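J.: I'd like to ask you about the structure that follows.
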Amino acid sequence: MRSGDDLLLHLPLRYEDETRLTPIARLADGMTAQVQGEIVDSESHSRGRRSLVVRLRDDGAELNLRFLNFYPSQVAQLARGRWVRAYGEVRAGLFGFEMVHPRYRLVSPDTQLPERLTPVYPTSSTIPQHQLRKVILEALSHAQWRDTIPTKVLQAIGAADLPPIMQALREVHCPPAAADPAELLARRTPASRRIILEELLAQQLSLRQARAARASRSGIALARVQRCNSLLAALPFSLTAAQQRVWREISTDLARSQPMNRLLQGDVGSGKTVIAALAAMQAIGSGHQAALMAPTEILAQQHRDKLVPWLDTQAVRVGWLAGSLTPRAKKQIRQAVAAGEIDLLIGTHALIEESVVFDRMALAIVDEQHRFGVAQRLALRQRNDGLLPHQLMMSATPIPRTLAMTFYADLDVSVIDELPPGRKPVTTKLIADRRRDEVIDRVRHAVREGRQVYWVCPLIEESEALDLQNALETFERLTQELAGLRVGLVHGRLPAEQKATTMAAFKAGETDVLVATTVIEVGVDVPNASLMVIEHAERFGLSQLHQLRGRVGRGAHQSVCVLLYRHPAGALARERLTTMYESSDGFEIARRDLALRGPGEFLGARQSGAMLLRFADLERDADLVEAAQAAAKMMLQAYPDEVAAHLLRWLGSREEFLRA
């Protein structure tokens with residue numbers, strides 16, 4: 001992308017009104033204003049902190065301009081008798097009102113005021129604001145962008161009233177004095193909406209082209225489903241209607257030679273694992289291999305424990321590859337995979353090491369896909385030479401509609417929107433930490449009733465060491481408070497073998513209360529655990545709270561999730577906790593989470609492979625998301641030259657990475 005184009009898309013953070021002057025006599029403490037007057041005194045003070053104080057007068061009223069960092073040239077410049085126009089915040093000082101380090105320039109009494117608002121840009125200490133403003137305005141004066149969205153397309157999507165792109169850029173960089181600053185900052189003006197539409201369109205075009213490029217590649221048709229039917233008949237349960245619908249979609253995709261690239265999303269406990277088993281069975285039944293990669297060893301182990309009993313009925317050879325294995329065991333597994341002696345390989349990031357080579361992999365399954373980067377997922381697809389395997393990504397984090405339409409436009413999406421029969425909804429309770437003793441009593445009661453309990457430790461952001469310390473302290477405290485009960489501890493720093501042993505003991509009912517960090521957020525399935533206590537719940541995000549709550553309610557017993565919070569909670573924390581209390585709908589929770597935190601948390605590592613939106617807001621601009629989607633479809637069909645020009649302008653060389 002040319003530097004001039006980059007400058008045009010460097011939009012203002014805010015605007016300052018330098019189109020009017022405020023008489024000094026009308027100033028008030030805390031006001032941001034522009035004044036103009038004659039310097040009646042200028043003096044450098046060396047007592048205390050060195051400063052330059054310039055006294056400005058207009059029509060009899062005076063104001064001090066104070067500079068704490070100044071140069072000799074400024075002392076000479078700000079001499080008595082000069083006229084100055086200054087912009088800044090007014091403060092009440094010892095000697096009347098003053099402005100500290102105002103922005104100023106020398107003028108004459110009849111210097112004209114600007115006719116437009118002054119933009120303030122994101123900048124760094126190495127580039128002064130005035131210099132950045134100058135080069136952007138210069139780039140704007142020379143730019144001759146042509147519209148890359150055809151008029152017919154704008155009319156078809158209901159955006160014909162938006163200004164042309166050059167007019168929009170001029171209005172955003174140099175808005176007229178009459179413009180409403182609040183509307184400008186909210187990016188709701190027609191000019192802002194045109195730029196947002198252009199950005200969303202670039203993303204839609206890029207992702208759709210990447211999708212079309214993948215569709216043109218040859219894959220492996222997996223058409224044999226006899227063993228899938230045999231597995232279905234052997235399962236101890238029947239698929240729900242939602243699972244049946246999703247399985248038909250995936251099975252149909254697998255039977256095509258076009259490589260599948262599908263995201264399977266379903267709320268916690270909706271039954272995604274059995275769909276993964278059926279997909280693997282279709283690959284294996286067609287004479288090929290499959291791989292399942294999970295982000296943590298605990299989750300990968302849970303998948304293995306659940307899948308092996310099902311797949312044993314079909315004589316499927318399942319392999320296990322994780323970082324905790326000995327070098328010798330890893331070597332044996334790799335050799336077996338390469339020789340085609342393993343049908344399904346389950347594991348963690350170890351699956352994408354260079355030394356892992358498949359004999360005939362046809363399906364790559366990635367669980368909790370948002371925890372892996374684009375490069376990691378592509379590496380799994382490229383573990384075998386030759387044809388591109390099918391890819392099934394799974395996520396228990398429901399994705400809001402506008403997010404799916406933008407950042408996941410390159411994927412087909414299947415949704416399991418129904419829980420298996422017999423599942424009772426989890427009751428959520430908000431309890432202040434001053435009532436902690438009551439919660440301890442409730443834990444004792446649950447254990448006496450034969451149930452088990454999760455106790456999730458407080459979360460300390462960006463500090464694994466403090467997370468561990470919290471876990472150890474919480475474990476010691478609960479061991480004393482719950483004397484007579486069997487209390488276990490699991491956290492991320494435990495050796496993998498010890499974590500597996502601890503989880504196995506809890507699953508077998510040999511532990512009453514499991515103290516845990518968020519290592520149990522995904523994948524842990526213990527039907528007898530009917531109570532979860534999340535300590536300092538105000539520290540967790542909505543998506544994480546929803547994932548954690550999904551660890552209970554997996555059996556036939558009524559389950560409860562206690563959100564134990566420090567009183568009083570802040571406004572944002574109260575909003576999150578109230579959302580959890582009011583809703584168990586993962587999509588509604590995800591929608592509110594998106595509004596609170598933006599798309600970054602949902603995208604996870606995926607954002608490294610997609611253009612993060614700089615200007616669009618998925619809640620505010622939902623209508624433009626749909627308009628961009630429709631425009632992209634029309635342009636790809638009928639306007640290839642405009643598509644190329646639009647992508648070059650917005651993405652430049654980055655477009656090639658998105659085609660990966």
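Following the order of the structure tokens, first chain is A, next is B, and so on, with residues numbered from 1 inside each chain and ligands from 1 in the order they appear.
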What residues in range 402-458 of chain A get the DSSP label helix (DSSP H, G or I)? Please answer as a ChimeraX atom specification.
T.: /A:402-407,433-448
J.: Skipping near chain neighbours, those fewer than 3 positions away, what residues fall within 9 Å of Glu98 in chain A using only C-alpha atoms, listed as a PyMOL selection string?
T.: chain A and resi 55+63-66+89-93+95
J.: Kindly export the residues of the current selection with N, CA, C and O atoms, as a CSV table (one decimal), in the first residue's frame.
T.:
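New file result.csv:
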```csv
chain,number,residue,atom,x,y,z
A,55,ARG,N,1.8,36.4,30.6
A,55,ARG,CA,0.5,37.0,30.9
A,55,ARG,C,-0.1,37.6,29.6
A,55,ARG,O,0.5,38.4,29.0
A,63,LEU,N,-5.0,36.3,31.6
A,63,LEU,CA,-4.8,34.8,31.7
A,63,LEU,C,-3.3,34.5,31.7
A,63,LEU,O,-2.6,35.1,30.8
A,64,ASN,N,-2.9,33.6,32.6
A,64,ASN,CA,-1.5,33.2,32.5
A,64,ASN,C,-1.3,32.0,31.7
A,64,ASN,O,-2.1,31.0,31.8
A,65,LEU,N,-0.3,32.0,30.8
A,65,LEU,CA,0.1,30.8,30.1
A,65,LEU,C,1.4,30.3,30.8
A,65,LEU,O,2.4,31.0,30.8
A,66,ARG,N,1.4,29.1,31.3
A,66,ARG,CA,2.6,28.6,32.0
A,66,ARG,C,3.2,27.4,31.3
A,66,ARG,O,2.6,26.4,30.9
A,89,GLU,N,-6.7,23.7,28.3
A,89,GLU,CA,-7.6,23.6,29.5
A,89,GLU,C,-7.3,24.6,30.5
A,89,GLU,O,-6.1,24.9,30.9
A,90,VAL,N,-8.4,25.3,31.0
A,90,VAL,CA,-8.2,26.4,32.0
A,90,VAL,C,-8.2,25.8,33.4
A,90,VAL,O,-9.0,24.9,33.7
A,91,ARG,N,-7.2,26.3,34.2
A,91,ARG,CA,-7.1,25.9,35.6
A,91,ARG,C,-7.2,27.1,36.4
A,91,ARG,O,-6.7,28.2,36.1
A,92,ALA,N,-7.6,26.9,37.7
A,92,ALA,CA,-7.6,28.0,38.7
A,92,ALA,C,-6.3,27.9,39.4
A,92,ALA,O,-6.0,26.9,40.1
A,93,GLY,N,-5.4,28.9,39.2
A,93,GLY,CA,-4.1,28.9,39.9
A,93,GLY,C,-4.1,29.9,41.0
A,93,GLY,O,-5.1,30.6,41.4
A,95,PHE,N,-2.7,32.7,41.1
A,95,PHE,CA,-2.8,34.1,40.6
A,95,PHE,C,-3.8,34.2,39.5
A,95,PHE,O,-3.7,35.0,38.6
```
J.: Out of A:Pro122, A:Pro114, A:Pro389, A:Pro163, which residue has the shortest atom-to-atom distance to Arg214 in chain A when counting only C-alpha atoms?
T.: A:Pro389
J.: Closest to Ala537 in chain A among A:Val456, A:Ala496, A:Ala178, A:Leu200, using only C-alpha atoms?
T.: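 Checking each of A:Val456, A:Ala496, A:Ala178, A:Leu200 against Ala537 in chain A, counting only C-alpha atoms, the winner is A:Val456.
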J.: Would you list the contacts of range 290-301 of chain A as a list in words, taking every protein, DNA or RNA residue within 7 Å and counting only C-alpha atoms, but skipping same-chain residues closer than 5 positions in sequence?
T.: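 Everything that qualifies: Ala280, Ala283, Ile284, Ala322, Asp343, Leu344, Leu345, Ile346, Gly347, Thr348, His349, Leu351, Met361, Ala362, Leu363, Ala364, Ile365, Val366, Asp367, Glu368, Arg371, Ala500, Val522, Gly523 and Val524 of chain A.
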J.: Generate a file of the selected residues that holds C-alpha atoms, formatted as a short mmCIF file (atom, residue, chain, number, x, y, z; two decimals), in the first residue's frame.
T.:
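Below you can see part_26.cif, which holds the result:
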```
data_model
loop_
_atom_site.label_atom_id
_atom_site.label_comp_id
_atom_site.auth_asym_id
_atom_site.auth_seq_id
_atom_site.Cartn_x
_atom_site.Cartn_y
_atom_site.Cartn_z
CA ALA A 280 -13.31 -39.29 11.97
CA ALA A 283 -12.49 -40.67 7.04
CA ILE A 284 -11.29 -43.95 8.56
CA ALA A 322 1.42 -35.07 23.76
CA ASP A 343 -6.31 -44.46 12.27
CA LEU A 344 -6.98 -41.50 14.59
CA LEU A 345 -4.22 -39.50 16.27
CA ILE A 346 -5.30 -37.38 19.25
CA GLY A 347 -3.02 -34.86 20.89
CA THR A 348 -1.90 -31.29 21.49
CA HIS A 349 0.45 -28.99 19.58
CA LEU A 351 0.72 -33.07 16.29
CA MET A 361 -4.53 -38.08 6.53
CA ALA A 362 -7.86 -36.92 5.14
CA LEU A 363 -9.40 -35.05 8.09
CA ALA A 364 -7.97 -32.55 10.58
CA ILE A 365 -10.16 -31.75 13.60
CA VAL A 366 -9.21 -28.73 15.73
CA ASP A 367 -11.00 -28.24 19.04
CA GLU A 368 -11.33 -24.81 20.67
CA ARG A 371 -6.86 -20.87 20.80
CA ALA A 500 -4.21 -36.59 34.67
CA VAL A 522 -12.93 -26.67 28.75
CA GLY A 523 -13.29 -30.37 28.23
CA VAL A 524 -13.72 -31.69 31.77
#
```
J.: Might you pull out every residue within 12 Å of range 308-315 of chain A, with only C-alpha atoms counted and same-chain residues fewer than 3 positions away left off, and present them as an MDAnalysis selection string?
T.: chainID A and resid 226:237 273:282 284:285 301:305 318:320 342:346
J.: So, counting only C-alpha atoms, which residue among A:Ala628, A:Leu8, A:Ala159, A:Val415 is closest to Asp267 in chain A?
T.: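 Selected residue with least distance to Asp267 in chain A: A:Val415.
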J.: Would you mind telling me which residue in A:Pro102, A:Gly219, A:Pro527, A:Pro72 lies nearest to Gly88 in chain A when using only C-alpha atoms?
T.: A:Pro102
J.: Considering only C-alpha atoms, can you say which of A:Gln452, A:Thr428, A:Gln167, A:Gln544 comes closest to Val560 in chain A?
T.: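 The shortest atom-to-atom distance to Val560 in chain A comes from A:Thr428.
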J.: Can you work out the spacing between CA of Thr474 in chain A and CA of His536 in chain A in Å, to one decimal?
T.: 11.7 Å
J.: Report, in Å to a single decimal, how far apart CA of Pro640 in chain A and CA of Gly652 in chain A are.
T.: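 Rounded to one decimal, the two atoms are 16.1 Å apart.
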J.: Using only C-alpha atoms, which protein or nucleic acid residues come within 10 Å of Asp161 in chain A? Drop anything in the same chain fewer than 3 positions from it, and give the result as a compact mmCIF listing (two decimals) with N, CA, C and O atoms, in the first residue's frame.
T.:
```
# COMPACT_ATOMS: atom_id res chain seq x y z
N LEU A 154 -23.90 0.22 -4.89
CA LEU A 154 -24.32 1.10 -3.79
C LEU A 154 -25.85 1.23 -3.77
O LEU A 154 -26.46 1.22 -2.69
N GLN A 155 -26.44 1.35 -4.92
CA GLN A 155 -27.90 1.46 -4.99
C GLN A 155 -28.56 0.16 -4.51
O GLN A 155 -29.55 0.19 -3.76
N GLY A 158 -28.55 -0.16 -0.72
CA GLY A 158 -29.17 0.94 0.03
C GLY A 158 -28.18 1.94 0.57
O GLY A 158 -28.42 2.58 1.60
N PRO A 164 -19.18 10.04 -2.00
CA PRO A 164 -18.05 9.36 -2.64
C PRO A 164 -16.86 9.27 -1.67
O PRO A 164 -16.77 10.06 -0.72
N PRO A 190 -22.48 10.39 7.64
CA PRO A 190 -22.42 9.70 6.34
C PRO A 190 -20.99 9.47 5.86
O PRO A 190 -20.69 8.42 5.29
N ARG A 194 -19.31 5.77 5.15
CA ARG A 194 -18.77 5.37 3.85
C ARG A 194 -17.41 4.69 4.05
O ARG A 194 -17.12 3.65 3.44
```
J.: Excluding Asn69 in chain A and its own-chain neighbours fewer than 5 positions away, which residues fall within 10 Å of it when counting only C-alpha atoms? Please give them as a list of chain:residue names.
T.: A:Arg49, A:Arg50, A:Ser51, A:Leu52, A:His101
J.: Using N, CA and C atoms, can you export the residues from the last selection as a JSON list (two decimals), in the first residue's frame?
T.:
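selection-v2.json, freshly written:
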```
[["chain", "number", "residue", "atom", "x", "y", "z"],
["A", 49, "ARG", "N", 10.24, 24.88, 40.81],
["A", 49, "ARG", "CA", 10.35, 24.27, 39.48],
["A", 49, "ARG", "C", 10.44, 25.37, 38.43],
["A", 50, "ARG", "N", 11.46, 25.29, 37.59],
["A", 50, "ARG", "CA", 11.70, 26.31, 36.57],
["A", 50, "ARG", "C", 10.50, 26.41, 35.64],
["A", 51, "SER", "N", 10.04, 27.63, 35.35],
["A", 51, "SER", "CA", 8.86, 27.82, 34.50],
["A", 51, "SER", "C", 8.92, 29.16, 33.79],
["A", 52, "LEU", "N", 8.20, 29.22, 32.68],
["A", 52, "LEU", "CA", 8.02, 30.46, 31.93],
["A", 52, "LEU", "C", 6.55, 30.85, 32.04],
["A", 101, "HIS", "N", 1.02, 24.62, 29.49],
["A", 101, "HIS", "CA", 1.45, 24.07, 28.20],
["A", 101, "HIS", "C", 0.33, 24.08, 27.15]]
```
J.: For Ala156 in chain A, which residue among A:Arg245, A:Met635, A:Ser238, A:Leu648 is the nearest when counting only C-alpha atoms?
T.: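 The closest residue to Ala156 in chain A is A:Met635.
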